[in-house]
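Heads up, structure.csv below (CSV, C-alpha atoms):
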```
chain,number,residue,atom,x,y,z
A,117,MET,CA,172.9,72.8,287.0
A,118,LYS,CA,172.5,71.0,283.7
A,119,VAL,CA,175.4,69.3,282.1
A,120,VAL,CA,175.8,67.4,278.8
A,121,VAL,CA,177.9,64.2,278.8
A,122,SER,CA,179.1,62.4,275.6
A,123,SER,CA,178.2,58.8,276.0
A,124,THR,CA,178.4,55.4,274.4
A,125,GLY,CA,174.8,54.5,275.4
A,126,PRO,CA,171.5,56.1,276.5
A,127,GLU,CA,171.7,55.5,280.3
A,128,LEU,CA,173.5,56.9,283.3
A,129,THR,CA,175.2,53.5,283.7
A,130,SER,CA,176.5,53.7,280.1
A,131,GLU,CA,180.2,54.3,279.6
A,132,SER,CA,181.0,57.9,278.8
A,133,ASP,CA,182.6,58.4,275.4
A,134,PRO,CA,186.0,60.0,275.1
A,135,ARG,CA,185.2,61.2,271.6
A,136,PHE,CA,183.0,64.3,271.3
A,137,GLY,CA,181.8,64.6,267.7
A,138,ARG,CA,181.4,60.9,267.0
A,139,CYS,CA,180.0,59.7,270.3
A,140,ALA,CA,176.8,57.7,270.2
A,141,TYR,CA,174.6,59.8,272.6
A,142,PHE,CA,174.6,63.1,274.4
A,143,ILE,CA,173.0,62.8,277.8
A,144,VAL,CA,171.7,65.9,279.6
A,145,VAL,CA,171.9,65.4,283.3
A,146,ASP,CA,170.6,67.6,286.1
A,147,THR,CA,173.5,67.5,288.6
A,148,ASP,CA,171.2,68.0,291.6
A,149,SER,CA,168.4,65.5,291.0
A,150,MET,CA,170.4,63.3,288.6
A,151,GLU,CA,167.4,63.2,286.2
A,152,PHE,CA,168.6,62.8,282.7
A,153,LYS,CA,167.5,62.7,279.0
A,154,ALA,CA,169.4,61.0,276.2
A,155,HIS,CA,169.7,62.4,272.7
A,156,SER,CA,171.3,60.3,270.0
A,157,ASN,CA,174.1,62.0,268.2
A,158,GLU,CA,173.1,62.5,264.5
A,159,SER,CA,176.7,63.4,263.5
A,160,GLN,CA,178.2,60.1,264.8
A,161,ARG,CA,178.5,58.9,261.2
A,162,ALA,CA,178.8,62.2,259.5
A,163,MET,CA,181.1,62.3,256.4
A,164,GLY,CA,183.0,65.2,257.8
A,165,GLY,CA,182.5,68.1,260.2
A,166,ALA,CA,181.2,65.9,263.0
A,167,GLY,CA,182.6,68.1,265.7
A,168,ILE,CA,181.0,71.2,264.2
A,169,GLN,CA,177.6,69.6,263.8
A,170,ALA,CA,177.7,68.0,267.3
A,171,GLY,CA,178.9,71.3,268.8
A,172,GLN,CA,175.9,73.1,267.3
A,173,PHE,CA,173.6,70.4,268.5
A,174,VAL,CA,175.0,70.4,272.1
A,175,ALA,CA,174.8,74.2,272.2
A,176,SER,CA,171.1,73.9,271.3
A,177,LEU,CA,170.4,71.6,274.2
A,178,GLY,CA,170.8,74.5,276.6
A,179,GLY,CA,173.2,73.0,279.2
A,180,ASP,CA,175.6,74.9,281.4
A,181,ALA,CA,178.6,72.7,280.7
A,182,LEU,CA,179.8,69.9,278.5
A,183,ILE,CA,181.6,66.8,279.9
A,184,THR,CA,183.6,64.7,277.4
A,185,GLY,CA,187.0,63.0,276.9
A,186,ASN,CA,188.5,65.3,274.3
A,187,VAL,CA,187.6,68.0,271.8
A,188,GLY,CA,189.1,68.7,268.5
A,189,PRO,CA,190.0,72.2,267.0
A,190,ASN,CA,186.7,72.7,265.0
A,191,ALA,CA,184.4,71.5,267.8
A,192,SER,CA,186.4,73.8,270.2
A,193,ARG,CA,185.7,76.8,268.0
A,194,VAL,CA,182.0,76.1,267.9
A,195,LEU,CA,181.8,75.4,271.6
A,196,GLY,CA,183.7,78.5,272.3
A,197,ALA,CA,181.2,80.6,270.4
A,198,SER,CA,178.3,78.9,272.2
A,199,GLY,CA,179.7,80.0,275.6
A,200,LEU,CA,179.3,76.5,276.9
A,201,LYS,CA,182.0,75.5,279.4
A,202,VAL,CA,183.9,72.4,278.3
A,203,TYR,CA,185.3,69.8,280.8
A,204,VAL,CA,187.6,67.1,279.5
A,205,GLY,CA,189.1,63.9,280.7
A,206,ALA,CA,185.9,62.1,281.6
A,207,SER,CA,186.1,58.4,282.1
A,208,GLY,CA,183.9,55.6,283.5
A,209,SER,CA,180.1,55.7,283.4
A,210,VAL,CA,178.1,58.8,282.7
A,211,ARG,CA,177.2,58.9,286.4
A,212,GLN,CA,180.8,58.6,287.4
A,213,ALA,CA,181.8,61.5,285.0
A,214,VAL,CA,179.1,63.7,286.5
A,215,GLU,CA,180.3,62.8,290.1
A,216,ASP,CA,183.9,63.6,289.1
A,217,PHE,CA,182.7,66.9,287.6
A,218,LYS,CA,180.9,67.8,290.8
A,219,ALA,CA,183.9,66.9,292.9
A,220,GLY,CA,186.0,69.3,290.7
A,221,LYS,CA,188.1,66.5,289.3
A,222,LEU,CA,187.7,67.4,285.6
A,223,GLN,CA,189.8,69.9,283.8
A,224,GLU,CA,188.2,72.9,282.0
A,225,ALA,CA,189.4,73.1,278.4
A,226,SER,CA,189.5,76.5,276.6
A,227,SER,CA,191.1,75.0,273.5
A,228,ALA,CA,191.3,71.7,271.6
A,229,THR,CA,192.8,68.8,273.4
A,230,VAL,CA,193.3,66.5,270.4
A,231,SER,CA,193.9,67.1,266.7
A,232,SER,CA,191.4,66.8,263.9
A,233,HIS,CA,189.9,63.3,263.1
A,234,PHE,CA,190.8,62.0,266.6
A,235,GLY,CA,187.4,60.3,266.9
A,236,MET,CA,187.7,58.5,263.6
A,237,GLY,CA,189.9,55.8,265.0
A,238,GLY,CA,193.2,54.5,263.6
A,239,ARG,CA,194.2,57.3,261.3
A,240,ARG,CA,194.9,60.7,262.8
B,232,MET,CA,200.9,64.1,222.7
B,233,ILE,CA,200.3,64.1,226.4
B,234,ILE,CA,202.0,61.2,228.2
B,235,ALA,CA,201.1,60.7,231.9
B,236,VAL,CA,203.3,58.7,234.2
B,237,ALA,CA,201.4,57.0,237.0
B,238,GLY,CA,202.0,54.4,239.6
B,239,GLY,CA,200.6,52.7,242.7
B,240,LYS,CA,202.5,54.2,245.5
B,241,GLY,CA,205.3,56.6,246.4
B,242,GLY,CA,208.8,55.4,245.6
B,243,THR,CA,208.0,53.2,242.6
B,244,GLY,CA,209.9,55.5,240.2
B,245,LYS,CA,207.2,57.6,238.6
B,246,THR,CA,209.3,60.8,238.8
B,247,PHE,CA,212.5,59.0,237.8
B,248,VAL,CA,210.8,57.6,234.7
B,249,SER,CA,208.9,60.7,233.8
B,250,THR,CA,211.9,63.0,234.1
B,251,SER,CA,214.2,60.6,232.3
B,252,LEU,CA,211.8,60.3,229.4
B,253,ALA,CA,211.2,64.0,229.2
B,254,LEU,CA,215.0,64.7,229.2
B,255,VAL,CA,215.7,62.6,226.1
B,256,GLN,CA,212.7,64.0,224.2
B,257,ALA,CA,213.4,67.6,225.1
B,258,PRO,CA,212.4,70.3,224.3
B,259,LEU,CA,208.9,69.7,225.5
B,260,GLN,CA,206.6,70.6,228.5
B,261,PHE,CA,206.9,68.9,231.8
B,262,ALA,CA,204.1,69.1,234.4
B,263,ASP,CA,204.7,67.9,238.0
B,264,CYS,CA,201.2,67.1,239.1
B,265,ASP,CA,202.3,65.3,242.3
B,266,VAL,CA,201.5,68.6,244.2
B,267,GLU,CA,201.4,67.0,247.7
B,268,GLU,CA,205.0,66.0,247.3
B,269,PRO,CA,206.5,67.6,244.1
B,270,ASN,CA,210.1,66.5,243.4
B,271,ALA,CA,210.6,66.4,239.6
B,272,HIS,CA,212.5,69.7,240.0
B,273,LEU,CA,215.3,67.8,241.8
B,274,PHE,CA,215.9,65.9,238.5
B,275,LEU,CA,215.2,68.6,235.9
B,276,GLU,CA,216.6,71.6,237.8
B,277,PRO,CA,214.3,74.3,236.5
B,278,SER,CA,214.8,77.9,237.4
B,279,LEU,CA,211.3,78.6,238.8
B,280,LYS,CA,211.1,82.4,238.2
B,281,LYS,CA,207.3,82.7,237.8
B,282,TRP,CA,204.9,81.9,240.6
B,283,GLU,CA,201.1,82.1,240.6
B,284,ARG,CA,198.7,81.6,243.5
B,285,VAL,CA,196.1,78.9,243.3
B,286,SER,CA,192.9,80.0,245.1
B,287,VAL,CA,189.4,78.7,245.7
B,288,THR,CA,186.2,80.5,246.5
B,289,ILE,CA,185.0,80.2,250.1
B,290,PRO,CA,182.3,82.0,252.0
B,291,SER,CA,183.0,85.1,254.1
B,292,PHE,CA,180.9,87.6,256.0
B,293,ARG,CA,181.2,90.8,257.8
B,294,LYS,CA,181.8,89.7,261.4
B,295,TRP,CA,181.5,93.3,262.7
B,296,ARG,CA,178.0,93.5,261.4
B,297,GLY,CA,176.9,90.5,263.5
B,298,GLU,CA,174.8,89.1,260.7
B,299,VAL,CA,174.1,85.4,260.3
B,300,CYS,CA,172.6,83.4,257.4
B,301,ARG,CA,171.0,80.3,258.8
B,302,PRO,CA,169.7,78.9,255.5
B,303,GLY,CA,173.1,79.2,254.0
B,304,ALA,CA,174.9,77.6,257.0
B,305,GLU,CA,172.3,74.8,257.3
B,306,PHE,CA,172.6,74.0,253.6
B,307,CYS,CA,176.3,73.1,253.9
B,308,ARG,CA,176.6,69.4,254.2
B,309,PHE,CA,180.3,69.6,254.7
B,310,ARG,CA,179.8,71.9,257.8
B,311,ALA,CA,182.1,74.6,256.5
B,312,LEU,CA,179.6,77.1,257.9
B,313,ALA,CA,178.1,77.0,261.3
B,314,VAL,CA,175.8,79.3,263.2
B,315,VAL,CA,176.1,79.1,267.0
B,316,GLU,CA,173.9,81.3,269.2
B,317,ASP,CA,174.1,84.5,267.1
B,318,GLU,CA,177.5,84.0,265.7
B,319,MET,CA,178.5,82.6,262.3
B,320,LEU,CA,181.7,80.6,261.9
B,321,VAL,CA,183.6,79.6,258.7
B,322,PHE,CA,185.8,76.5,258.4
B,323,PRO,CA,187.7,77.1,255.1
B,324,GLU,CA,189.3,73.7,255.0
B,325,LEU,CA,186.0,71.9,254.9
B,326,CYS,CA,184.6,74.0,252.0
B,327,THR,CA,184.3,72.4,248.6
B,328,SER,CA,183.4,75.7,246.9
B,329,CYS,CA,180.0,74.5,245.7
B,330,GLY,CA,178.6,78.0,246.0
B,331,GLY,CA,175.3,76.8,247.5
B,332,CYS,CA,175.5,79.1,250.5
B,333,PHE,CA,175.8,82.2,248.3
B,334,LEU,CA,172.6,81.3,246.4
B,335,LEU,CA,170.7,80.8,249.7
B,336,CYS,CA,171.7,84.3,251.0
B,337,PRO,CA,169.6,86.8,249.1
B,338,GLU,CA,170.7,89.6,251.5
B,339,GLU,CA,174.3,88.7,250.6
B,340,THR,CA,175.3,88.2,254.2
B,341,ILE,CA,177.6,85.5,252.9
B,342,LYS,CA,179.9,86.7,250.2
B,343,PRO,CA,182.5,84.9,248.1
B,344,ARG,CA,186.2,85.3,249.1
B,345,GLU,CA,189.4,84.0,247.5
B,346,HIS,CA,191.3,81.5,249.7
B,347,GLN,CA,194.8,80.4,248.7
B,348,VAL,CA,195.4,76.6,248.7
B,349,GLY,CA,198.6,76.4,246.7
B,350,VAL,CA,201.0,77.8,244.2
B,351,VAL,CA,202.1,77.0,240.7
B,352,LYS,CA,205.7,77.6,239.7
B,353,MET,CA,207.1,77.8,236.2
B,354,GLY,CA,210.5,78.1,234.5
B,355,MET,CA,213.0,76.6,232.1
B,356,ALA,CA,214.7,73.4,233.0
B,357,LYS,CA,217.5,71.2,231.6
B,358,ARG,CA,217.7,71.0,227.8
B,359,GLY,CA,215.1,73.7,227.3
B,360,ILE,CA,212.3,71.8,229.1
B,361,ASP,CA,209.3,74.1,229.8
B,362,PHE,CA,208.7,73.1,233.4
B,363,VAL,CA,205.5,73.6,235.5
B,364,THR,CA,205.1,72.4,239.0
B,365,GLY,CA,202.5,72.9,241.8
B,366,GLU,CA,202.6,72.9,245.5
B,367,LEU,CA,199.7,72.4,247.8
B,368,THR,CA,199.9,74.7,250.8
B,369,VAL,CA,200.6,72.8,254.1
B,370,GLY,CA,197.4,72.2,255.9
B,371,GLN,CA,195.2,72.6,252.8
B,372,GLN,CA,193.2,69.7,251.3
B,373,ARG,CA,192.3,71.0,247.8
B,374,THR,CA,194.9,69.0,246.0
B,375,GLU,CA,192.8,68.6,242.8
B,376,GLU,CA,192.5,72.4,242.4
B,377,VAL,CA,196.3,72.8,242.4
B,378,ILE,CA,196.7,69.9,239.9
B,379,LYS,CA,194.1,71.6,237.6
B,380,ALA,CA,196.0,74.8,237.9
B,381,VAL,CA,199.3,73.1,236.9
B,382,LYS,CA,197.6,71.4,233.9
B,383,LYS,CA,196.1,74.8,232.8
B,384,ARG,CA,199.7,76.0,232.3
B,385,THR,CA,200.4,73.4,229.7
B,386,SER,CA,199.9,74.2,226.0
B,387,PRO,CA,197.5,72.0,224.0
B,388,GLY,CA,199.0,70.3,221.0
B,389,GLU,CA,202.5,70.2,222.3
B,390,ASN,CA,204.4,67.2,223.8
B,391,VAL,CA,203.7,67.1,227.5
B,392,VAL,CA,205.0,64.7,230.1
B,393,ILE,CA,202.9,64.6,233.3
B,394,ASP,CA,204.2,63.2,236.6
B,395,CYS,CA,201.1,62.0,238.4
B,396,PRO,CA,200.4,61.7,242.1
B,397,PRO,CA,200.5,58.1,243.4
B,398,GLY,CA,197.5,55.8,243.5
B,399,SER,CA,194.3,55.6,241.6
B,400,GLY,CA,192.2,58.0,243.6
B,401,PRO,CA,190.7,61.3,242.8
B,402,THR,CA,194.0,63.2,242.6
B,403,ALA,CA,195.4,60.6,240.1
B,404,ARG,CA,192.2,60.9,238.1
B,405,VAL,CA,192.5,64.7,237.8
B,406,ALA,CA,196.1,64.4,236.7
B,407,LEU,CA,195.4,61.7,234.2
B,408,GLU,CA,192.3,63.3,232.5
B,409,GLY,CA,193.1,64.4,229.0
B,410,ALA,CA,196.3,62.3,228.6
B,411,ASP,CA,196.8,60.4,225.4
B,412,PHE,CA,198.7,57.6,227.0
B,413,CYS,CA,199.7,56.4,230.5
B,414,LEU,CA,202.9,54.8,231.5
B,415,MET,CA,202.3,52.7,234.6
B,416,VAL,CA,205.5,52.4,236.6
B,417,THR,CA,205.8,49.5,239.0
B,418,GLU,CA,208.1,47.2,240.8
B,419,PRO,CA,208.1,43.5,240.1
B,420,THR,CA,206.3,42.5,243.3
B,421,PRO,CA,202.8,41.3,244.1
B,422,PHE,CA,202.2,44.7,245.7
B,423,GLY,CA,203.3,46.4,242.5
B,424,LEU,CA,200.9,44.3,240.5
B,425,HIS,CA,198.1,45.1,242.8
B,426,ASP,CA,198.8,48.8,242.5
B,427,ILE,CA,198.9,48.9,238.7
B,428,GLN,CA,195.7,46.8,238.5
B,429,GLY,CA,194.1,49.7,240.4
B,430,ASN,CA,195.7,52.2,237.9
B,431,LYS,CA,194.4,50.1,235.0
B,432,LYS,CA,190.8,50.2,236.3
B,433,LEU,CA,190.9,54.0,236.5
B,434,LEU,CA,192.5,54.2,233.0
B,435,ASP,CA,189.8,52.0,231.5
B,436,VAL,CA,187.1,54.4,232.9
B,437,LEU,CA,189.0,57.4,231.4
B,438,LYS,CA,189.6,55.4,228.2
B,439,ILE,CA,193.4,56.1,228.2
B,440,PRO,CA,195.6,53.5,226.6
B,441,ALA,CA,198.4,52.2,228.9
B,442,GLY,CA,201.8,50.5,229.0
B,443,VAL,CA,204.0,49.2,231.8
B,444,VAL,CA,207.5,50.1,232.9
B,445,ILE,CA,209.0,47.8,235.5
B,446,ASN,CA,211.5,49.6,237.7
B,447,ARG,CA,214.0,47.7,239.8
B,448,ALA,CA,213.6,44.8,237.4
B,449,GLY,CA,215.2,41.4,238.1
B,450,GLY,CA,214.4,38.8,240.7
B,451,SER,CA,212.2,35.8,240.3
B,452,TYR,CA,208.7,37.3,240.4
B,453,ASP,CA,207.0,37.2,237.0
B,454,GLY,CA,203.5,38.3,238.0
B,455,ILE,CA,203.7,41.6,236.2
B,456,ASP,CA,204.8,40.0,232.9
B,457,ARG,CA,202.0,37.4,233.1
B,458,TRP,CA,199.4,40.0,233.9
B,459,CYS,CA,200.5,42.2,231.0
B,460,LYS,CA,200.3,39.3,228.6
B,461,LYS,CA,196.8,38.3,229.8
B,462,GLU,CA,195.5,41.8,229.7
B,463,GLU,CA,197.3,42.6,226.4
B,464,ILE,CA,199.0,45.6,228.0
B,465,PRO,CA,202.4,46.4,226.4
B,466,LEU,CA,205.4,45.9,228.7
B,467,LEU,CA,207.5,48.8,227.3
B,468,ALA,CA,210.7,48.9,229.4
B,469,GLU,CA,212.5,47.3,232.3
B,470,ILE,CA,214.9,49.4,234.3
B,471,PRO,CA,217.3,47.0,236.1
B,472,PHE,CA,217.7,46.8,239.9
B,473,ASP,CA,221.1,48.4,239.9
B,474,PHE,CA,223.1,50.0,242.7
B,475,GLU,CA,224.6,52.7,240.5
B,476,ILE,CA,221.3,53.7,239.1
B,477,ALA,CA,219.8,54.0,242.5
B,478,ARG,CA,222.7,56.0,243.9
B,479,SER,CA,222.7,58.4,241.0
B,480,ALA,CA,218.9,58.8,241.1
B,481,ALA,CA,219.2,59.7,244.8
B,482,ARG,CA,221.5,62.5,243.7
B,483,GLY,CA,219.0,63.8,241.2
B,484,MET,CA,220.3,62.2,238.0
B,485,THR,CA,218.0,60.9,235.3
B,486,LEU,CA,218.5,57.5,233.6
B,487,SER,CA,220.3,58.6,230.5
B,488,GLU,CA,222.6,60.8,232.6
B,489,VAL,CA,223.7,57.7,234.6
B,490,GLU,CA,223.8,55.3,231.7
B,491,PRO,CA,224.0,57.0,228.3
B,492,VAL,CA,222.7,53.8,226.6
B,493,TRP,CA,219.3,54.8,227.9
B,494,GLU,CA,219.2,57.9,225.7
B,495,GLU,CA,218.5,55.7,222.7
B,496,LYS,CA,216.3,53.2,224.7
B,497,LEU,CA,214.1,56.0,226.0
B,498,LYS,CA,213.8,57.6,222.6
B,499,ASN,CA,212.6,54.2,221.3
B,500,LEU,CA,210.1,54.0,224.3
B,501,TRP,CA,208.7,57.4,223.1
B,502,ALA,CA,208.4,56.1,219.6
B,503,ASP,CA,206.7,52.9,220.8
B,504,ILE,CA,204.2,54.9,222.7
B,505,GLU,CA,203.4,57.0,219.6
B,506,LYS,CA,202.3,53.7,218.0
B,507,TYR,CA,199.6,53.1,220.7
B,508,VAL,CA,198.1,56.6,220.6
```

Taking this structure as input, can you express it in the form of structure tokens?
Amino acid sequence: MKVVVSSTGPELTSESDPRFGRCAYFIVVDTDSMEFKAHSNESQRAMGGAGIQAGQFVASLGGDALITGNVGPNASRVLGASGLKVYVGASGSVRQAVEDFKAGKLQEASSATVSSHFGMGGRR
Amino acid sequence: MIIAVAGGKGGTGKTFVSTSLALVQAPLQFADCDVEEPNAHLFLEPSLKKWERVSVTIPSFRKWRGEVCRPGAEFCRFRALAVVEDEMLVFPELCTSCGGCFLLCPEETIKPREHQVGVVKMGMAKRGIDFVTGELTVGQQRTEEVIKAVKKRTSPGENVVIDCPPGSGPTARVALEGADFCLMVTEPTPFGLHDIQGNKKLLDVLKIPAGVVINRAGGSYDGIDRWCKKEEIPLLAEIPFDFEIARSAARGMTLSEVEPVWEEKLKNLWADIEKYV
């Protein structure tokens, strides 16, 4: 199974990023072999609509599930349309997040878990 | 003559000054352009019988037909359109109505649709004031469109008082555009000075002459006076920091209704402004 994890860096040892649209990297991980590939997130510094753009990008990566901290309402709509399963509440390293996912510790989210602009820091 | 009343932040007294000035100079037109938080109606008590929708054009498509337009969606830098798998999604609140997506869809998969962002209300207020106000719909972000709609309802060539939104950003700019004079309302504090300095920068760009009204005047800070002298900006009125004025304003009374002496003073203020236009 292939999962996509929002991350602050390009390695399995990097901290997972609680923000979806404005994370630094998306890491595609094979849950069996733990092989991975990092993709930098082009919408990290987008003026607006980061969650929508990131959602489209993640959908194009062809994973089975997304593992992140939170998703906002717009990202949630895009991810819902993509059919990708979304698991929230990830913490620790990317490797830890995948282990937690495999152990069934992460919660599946069918709707937004935070309001708009959560990932922009300070102002919500 | 169009007089705009602006100020740095909420609560400086923009609405109090603009409604007080309008009342003594009535009949004229009054336009409440602070459409995110309109409250001039509390002072001028209009009977708002006529309402009009304010709408913007956004993309729409026939979902049941399952069509998508990738060029149109990819063109949108604001991400108001997205194509995921074989489904198209519209995010109305991100759209700026540029119309680019329509041009890029020769098959007309994406079609224009009207989307309501606010309402304009009109009616007669105290002393025959022709009152216009706007209200941005909760959750919408197209403030400027609602302000433009309010201003469209004012008649050119007549006396108009415009109550502007706070600050010196894009919403203030849209409200100020076309004004003959701007009254900058401020408090006698360093914050107040900072705020009207921002206003002045914007007014210089728009080439609108300006004067200052100090609200809650008194105290030891003289930074506003000194700045006005240095910049050669007329300091046109000072409303004292007075408990009775504050209490009555909180009940929706304008300055001359609290203290009749201000009827004459505000008429003189209007006459002073005419000299600068």

Exercise: residues within 9 Å of coordinate (178.6, 57.4, 268.4), counting only C-alpha atoms, as a ChimeraX atom specification:
/A:122-125,133,135-141,156-161

Can you list every residue of chain B that has an atom at most 6 Å from chain A, with its nearest atom pair and the distance in Å to one decimal, using only C-alpha atoms, ordered by chain then number, as JSON lines?
```
{"residue": "B:Arg310", "atom": "CA", "partner": "A:Gly165", "partner_atom": "CA", "distance": 5.2}
{"residue": "B:Val315", "atom": "CA", "partner": "A:Ser198", "partner_atom": "CA", "distance": 5.6}
{"residue": "B:Glu316", "atom": "CA", "partner": "A:Ser198", "partner_atom": "CA", "distance": 5.8}
```

Could you check how far CA of Ile289 in chain B sits from CA of Glu324 in chain B, in Å to one decimal?
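It comes out at 9.2 Å.
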
Report, in Å with one decimal, the straight-line distance from CA of Pro401 in chain B to CA of Ala356 in chain B.
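The value is 28.6 Å.
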
Contact residues around Ser132 in chain A with only C-alpha atoms at 12 Å, ignoring same-chain residues under 2 positions, as a PyMOL selection string:
chain A and resi 120-130+134-136+139-143+183-186+204-214

Keeping C-alpha atoms for every residue in the selection just given, could you write it to a file as a compact mmCIF listing (two decimals), in the coordinates of the input?
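Final output, saved to selection_28.txt:
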```txt
# COMPACT_ATOMS: atom_id res chain seq x y z
CA VAL A 120 175.80 67.40 278.80
CA VAL A 121 177.90 64.20 278.80
CA SER A 122 179.10 62.40 275.60
CA SER A 123 178.20 58.80 276.00
CA THR A 124 178.40 55.40 274.40
CA GLY A 125 174.80 54.50 275.40
CA PRO A 126 171.50 56.10 276.50
CA GLU A 127 171.70 55.50 280.30
CA LEU A 128 173.50 56.90 283.30
CA THR A 129 175.20 53.50 283.70
CA SER A 130 176.50 53.70 280.10
CA PRO A 134 186.00 60.00 275.10
CA ARG A 135 185.20 61.20 271.60
CA PHE A 136 183.00 64.30 271.30
CA CYS A 139 180.00 59.70 270.30
CA ALA A 140 176.80 57.70 270.20
CA TYR A 141 174.60 59.80 272.60
CA PHE A 142 174.60 63.10 274.40
CA ILE A 143 173.00 62.80 277.80
CA ILE A 183 181.60 66.80 279.90
CA THR A 184 183.60 64.70 277.40
CA GLY A 185 187.00 63.00 276.90
CA ASN A 186 188.50 65.30 274.30
CA VAL A 204 187.60 67.10 279.50
CA GLY A 205 189.10 63.90 280.70
CA ALA A 206 185.90 62.10 281.60
CA SER A 207 186.10 58.40 282.10
CA GLY A 208 183.90 55.60 283.50
CA SER A 209 180.10 55.70 283.40
CA VAL A 210 178.10 58.80 282.70
CA ARG A 211 177.20 58.90 286.40
CA GLN A 212 180.80 58.60 287.40
CA ALA A 213 181.80 61.50 285.00
CA VAL A 214 179.10 63.70 286.50
```

Grab the CA of Asp180 in chain A to CA of Val230 in chain A distance for me, in Å with one decimal place.
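Between CA of Asp180 in chain A and CA of Val230 in chain A the gap works out to 22.5 Å.
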
Closest of B:Lys352, B:Arg301, B:Lys294, B:Lys357 to Ile378 in chain B, counting all atoms listed in the file, is B:Lys352

Tell me which protein, DNA and RNA residues are within 12 Å of Ser386 in chain B, counting only C-alpha atoms, leaving out same-chain ones fewer than 6 positions away, and put them as a ChimeraX atom specification.
/B:232-233,259-262,361-363,392

Select, from B:Lys383, B:Val351, B:Leu254, B:Met319, the residue with the minimum atom-to-atom distance to Phe274 in chain B, counting all atoms listed in the file.
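Smallest separation from Phe274 in chain B among the options: B:Leu254.
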
Residues within 8 Å of Ser192 in chain A, please, as a count of residues only. Count only C-alpha atoms; anything in the same chain fewer than 3 positions from it doesn't count.
8

Selected residue, from A:Ala225, A:Met117, A:Val202, A:Met236, that lies nearest to Met150 in chain A when counting all atoms listed in the file
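For Met150 in chain A, the nearest of the given residues is A:Met117.
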
Which residues are near Leu252 in chain B? Cut-off 8 Å, all atoms listed in the file, ignore same chain within fewer than 4 positions. Put them as an MDAnalysis selection string.
chainID B and resid 248 256 497:498 501
